[in-house]
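So the structure is just underneath, and the comments pick up after that.
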Amino acid sequence: MNASRKARIGAAAAMLAACAVWTCAPAVAQNKPFAGVELRVGTYGGPWTEEQKRLATAKMEALGAKLTFVSGSPQINFAKLVAARGGPPPMDTIEVSDGTVKDIRDAGFLQPINPALIPNAKFIGREMVTSDLVRIWTTQESMCYNEQKFKELGIPPLKTYADLANPKLAGHVDLPDIVSGGGMAAIAGFSHANGGDLANIKPGLDAIVKIGALKYWKTGTEVLNQFKSGDVYAAALHSGWCVRGVRAGMPLQTAHPVINANTTGVIKVGWIGVLKGIDKKTAEAAHAYINLFLDTEFQREFALTQGVVPENLEAMKDLAKDPVLNRMLVLDPAKIARMLNPDYSKVNLSDWHDQWARTVAK
């Protein structure tokens, strides 16, 4: 090898070494576009949060983002935003249920969604991506009961909310508090089933009081603990909690309440949005998290463990093959379409809270 060629090879090697130290650093940074971002996700606590940690943490960390979860029902996390108004928001992205969409929009907390940053939106319907929110799950708000205890006491399987008022269940029923994740859906369901509606919830509240609940729960974990201890025989909560109980070895069954001759079951729709007041890089990381939530594998796994109905149409395939989901959930789209899907757009939530305080919490 002549001296000239040796010199060229040496120069090339030096350039490669320099690239490894300097020039390639931006490429590494591009592989971790959210390096230094701590993404705060407002979501329900307990198993709901733990499953998101399991499915999302490593993938978001691979992009450079550290995940922190702010636990609370949509109502409670919304209250945190209101309390922090005028300062930095206490979270960057937030899950909201259909009952709190109007309030968070009216308060002006949400920034626009950039669909270009959510390619997995192709797996859901176009109407599920709005200007400021993306639909990510549906729960079926049902009744859950201990089959063994019901057989022991000679109580027939639940069919309607009125069945929860059976004297044999007195003092052993849990119902959702209005500030819980299932509170608004329960009020809507009870009201429609008792001749009222969203504008007239008194019949529903009166029916709730008549049951004489042991507790008005704020988290589903409380209910599962009481099922386990034997204090509770039946409860109103979404079917996913019943799924988790069965997977933990509890003898539970789900009943979707008959609302009227044409309607059986109640659904609650979950959305996620990005909050104002955060920097551009964090907002992009929030979009990446939403995109991950819509990933087919994420949606399928989340459905299997949390008992929700996925919005990703690919993730819906084969879920009925799971014996627990097949028994606890309604997976037929035609039947889901006939469930009560409350439109809370004209609901005055403050009035609902006032009525709850006067009727139920007095």
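Starting from 1 in every chain, residues are counted up; chains themselves are A, B, ... following the order of the structure tokens, and ligands are numbered from 1 as listed.
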
DSSP on the backbone: what in segment 75-169 of chain A comes out strand (DSSP E or B), as a PyMOL selection string?
-> chain A and resi 93-97+110+129+134-146

Find the spatial neighbours of Asn166 of chain A, counting only C-alpha atoms, within a cut-off of 8 Å - ignore same-chain residues fewer than 4 positions away - and output them as an mmCIF file with N, CA, C and O atoms, in the first residue's frame.
```cif
data_model
loop_
_atom_site.group_PDB
_atom_site.id
_atom_site.type_symbol
_atom_site.label_atom_id
_atom_site.label_comp_id
_atom_site.auth_asym_id
_atom_site.auth_seq_id
_atom_site.Cartn_x
_atom_site.Cartn_y
_atom_site.Cartn_z
ATOM 1 N N ALA A 162 -83.455 -1.824 39.455
ATOM 2 C CA ALA A 162 -84.397 -2.032 40.559
ATOM 3 C C ALA A 162 -84.080 -3.309 41.329
ATOM 4 O O ALA A 162 -84.371 -3.409 42.527
ATOM 5 N N ALA A 170 -79.744 -5.693 51.041
ATOM 6 C CA ALA A 170 -79.681 -4.463 51.844
ATOM 7 C C ALA A 170 -78.359 -4.369 52.608
ATOM 8 O O ALA A 170 -77.954 -5.299 53.314
ATOM 9 N N ILE A 211 -82.061 2.135 47.191
ATOM 10 C CA ILE A 211 -81.239 0.934 47.301
ATOM 11 C C ILE A 211 -80.545 0.844 48.657
ATOM 12 O O ILE A 211 -80.320 -0.246 49.188
#
```

What are the nearest atom pairs, with distances in Å to one decimal, for all residues of segment 251-291 of chain A that come at most 12 Å from segment 299-315 of chain A, using only C-alpha atoms, set out by chain and rising residue number as JSON lines?
```
{"residue": "A:Thr254", "atom": "CA", "partner": "A:Gly307", "partner_atom": "CA", "distance": 11.4}
{"residue": "A:Ile267", "atom": "CA", "partner": "A:Val309", "partner_atom": "CA", "distance": 9.8}
{"residue": "A:Lys268", "atom": "CA", "partner": "A:Val308", "partner_atom": "CA", "distance": 9.9}
{"residue": "A:Val269", "atom": "CA", "partner": "A:Val309", "partner_atom": "CA", "distance": 9.6}
{"residue": "A:Gly270", "atom": "CA", "partner": "A:Glu311", "partner_atom": "CA", "distance": 9.8}
{"residue": "A:Trp271", "atom": "CA", "partner": "A:Glu311", "partner_atom": "CA", "distance": 10.6}
{"residue": "A:Ile290", "atom": "CA", "partner": "A:Gln299", "partner_atom": "CA", "distance": 11.3}
{"residue": "A:Asn291", "atom": "CA", "partner": "A:Gln299", "partner_atom": "CA", "distance": 10.8}
```

Please write the residues from the selection above to a file, keeping N, CA and C atoms, as a compact mmCIF listing (two decimals), in the first residue's frame.
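Contents of again29.txt, freshly written:
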```txt
# COMPACT_ATOMS: atom_id res chain seq x y z
N THR A 254 -71.41 -10.29 35.33
CA THR A 254 -71.88 -8.97 34.89
C THR A 254 -73.32 -9.06 34.41
N ILE A 267 -73.23 2.82 28.04
CA ILE A 267 -71.81 2.95 27.72
C ILE A 267 -71.27 4.31 28.15
N LYS A 268 -69.97 4.32 28.36
CA LYS A 268 -69.24 5.55 28.68
C LYS A 268 -68.07 5.62 27.71
N VAL A 269 -67.89 6.77 27.11
CA VAL A 269 -66.85 6.93 26.08
C VAL A 269 -65.69 7.73 26.65
N GLY A 270 -64.48 7.23 26.39
CA GLY A 270 -63.28 7.91 26.88
C GLY A 270 -62.55 8.64 25.76
N TRP A 271 -62.11 9.83 26.07
CA TRP A 271 -61.36 10.67 25.13
C TRP A 271 -60.05 11.10 25.78
N ILE A 290 -50.74 9.52 22.59
CA ILE A 290 -52.08 9.23 22.06
C ILE A 290 -51.97 8.24 20.91
N ASN A 291 -50.97 8.43 20.06
CA ASN A 291 -50.76 7.51 18.94
C ASN A 291 -50.48 6.10 19.45
```

Can you tell me, as a compact mmCIF listing (two decimals) with N, CA and C atoms, in the first residue's frame, which residues in segment 221-275 of chain A count as helix (DSSP H, G or I) by DSSP?
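And here is the file that came out, part_31.txt:
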```txt
# COMPACT_ATOMS: atom_id res chain seq x y z
N THR A 221 -61.29 0.03 42.65
CA THR A 221 -60.47 -0.82 43.52
C THR A 221 -61.15 -1.03 44.86
N GLU A 222 -61.81 0.02 45.37
CA GLU A 222 -62.54 -0.11 46.63
C GLU A 222 -63.59 -1.21 46.53
N VAL A 223 -64.29 -1.25 45.40
CA VAL A 223 -65.37 -2.22 45.23
C VAL A 223 -64.82 -3.64 45.18
N LEU A 224 -63.75 -3.85 44.42
CA LEU A 224 -63.17 -5.19 44.34
C LEU A 224 -62.69 -5.66 45.71
N ASN A 225 -62.13 -4.75 46.49
CA ASN A 225 -61.69 -5.11 47.84
C ASN A 225 -62.88 -5.55 48.70
N GLN A 226 -64.02 -4.88 48.52
CA GLN A 226 -65.20 -5.23 49.31
C GLN A 226 -65.86 -6.52 48.80
N PHE A 227 -65.77 -6.79 47.50
CA PHE A 227 -66.21 -8.09 47.00
C PHE A 227 -65.35 -9.18 47.63
N LYS A 228 -64.04 -8.94 47.67
CA LYS A 228 -63.11 -9.93 48.20
C LYS A 228 -63.35 -10.19 49.68
N SER A 229 -63.65 -9.13 50.43
CA SER A 229 -63.89 -9.28 51.88
C SER A 229 -65.25 -9.88 52.19
N SER A 239 -68.03 -2.92 33.43
CA SER A 239 -67.78 -4.36 33.34
C SER A 239 -66.30 -4.70 33.48
N GLY A 240 -65.43 -3.76 33.17
CA GLY A 240 -64.01 -4.03 33.27
C GLY A 240 -63.58 -4.41 34.67
N TRP A 241 -64.21 -3.81 35.67
CA TRP A 241 -63.88 -4.17 37.05
C TRP A 241 -64.30 -5.60 37.35
N CYS A 242 -65.42 -6.02 36.78
CA CYS A 242 -65.86 -7.40 36.94
C CYS A 242 -64.88 -8.35 36.26
N VAL A 243 -64.39 -7.95 35.09
CA VAL A 243 -63.39 -8.74 34.38
C VAL A 243 -62.14 -8.92 35.25
N ARG A 244 -61.67 -7.83 35.84
CA ARG A 244 -60.47 -7.90 36.68
C ARG A 244 -60.71 -8.80 37.89
N GLY A 245 -61.93 -8.71 38.46
CA GLY A 245 -62.25 -9.55 39.61
C GLY A 245 -62.23 -11.03 39.25
N VAL A 246 -62.80 -11.37 38.10
CA VAL A 246 -62.81 -12.76 37.65
C VAL A 246 -61.39 -13.25 37.39
N ARG A 247 -60.58 -12.43 36.77
CA ARG A 247 -59.20 -12.83 36.49
C ARG A 247 -58.41 -13.01 37.79
```

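Between atom CA of Thr49 of chain A and atom CA of Leu175 of chain A lies a distance of 22.0 Å.
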
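The interatomic distance for the pair atom CA of Val70 of chain A and atom CA of Leu349 of chain A works out to 22.7 Å.
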
Can you pull out every residue within 10 Å of Ala185 of chain A, counting only C-alpha atoms, but drop anything in the same chain fewer than 2 positions away, and send it as a PyMOL selection string?
-> chain A and resi 97-99+140-142+176+178+180-183+187-191+237-238+266-269+340-342+344
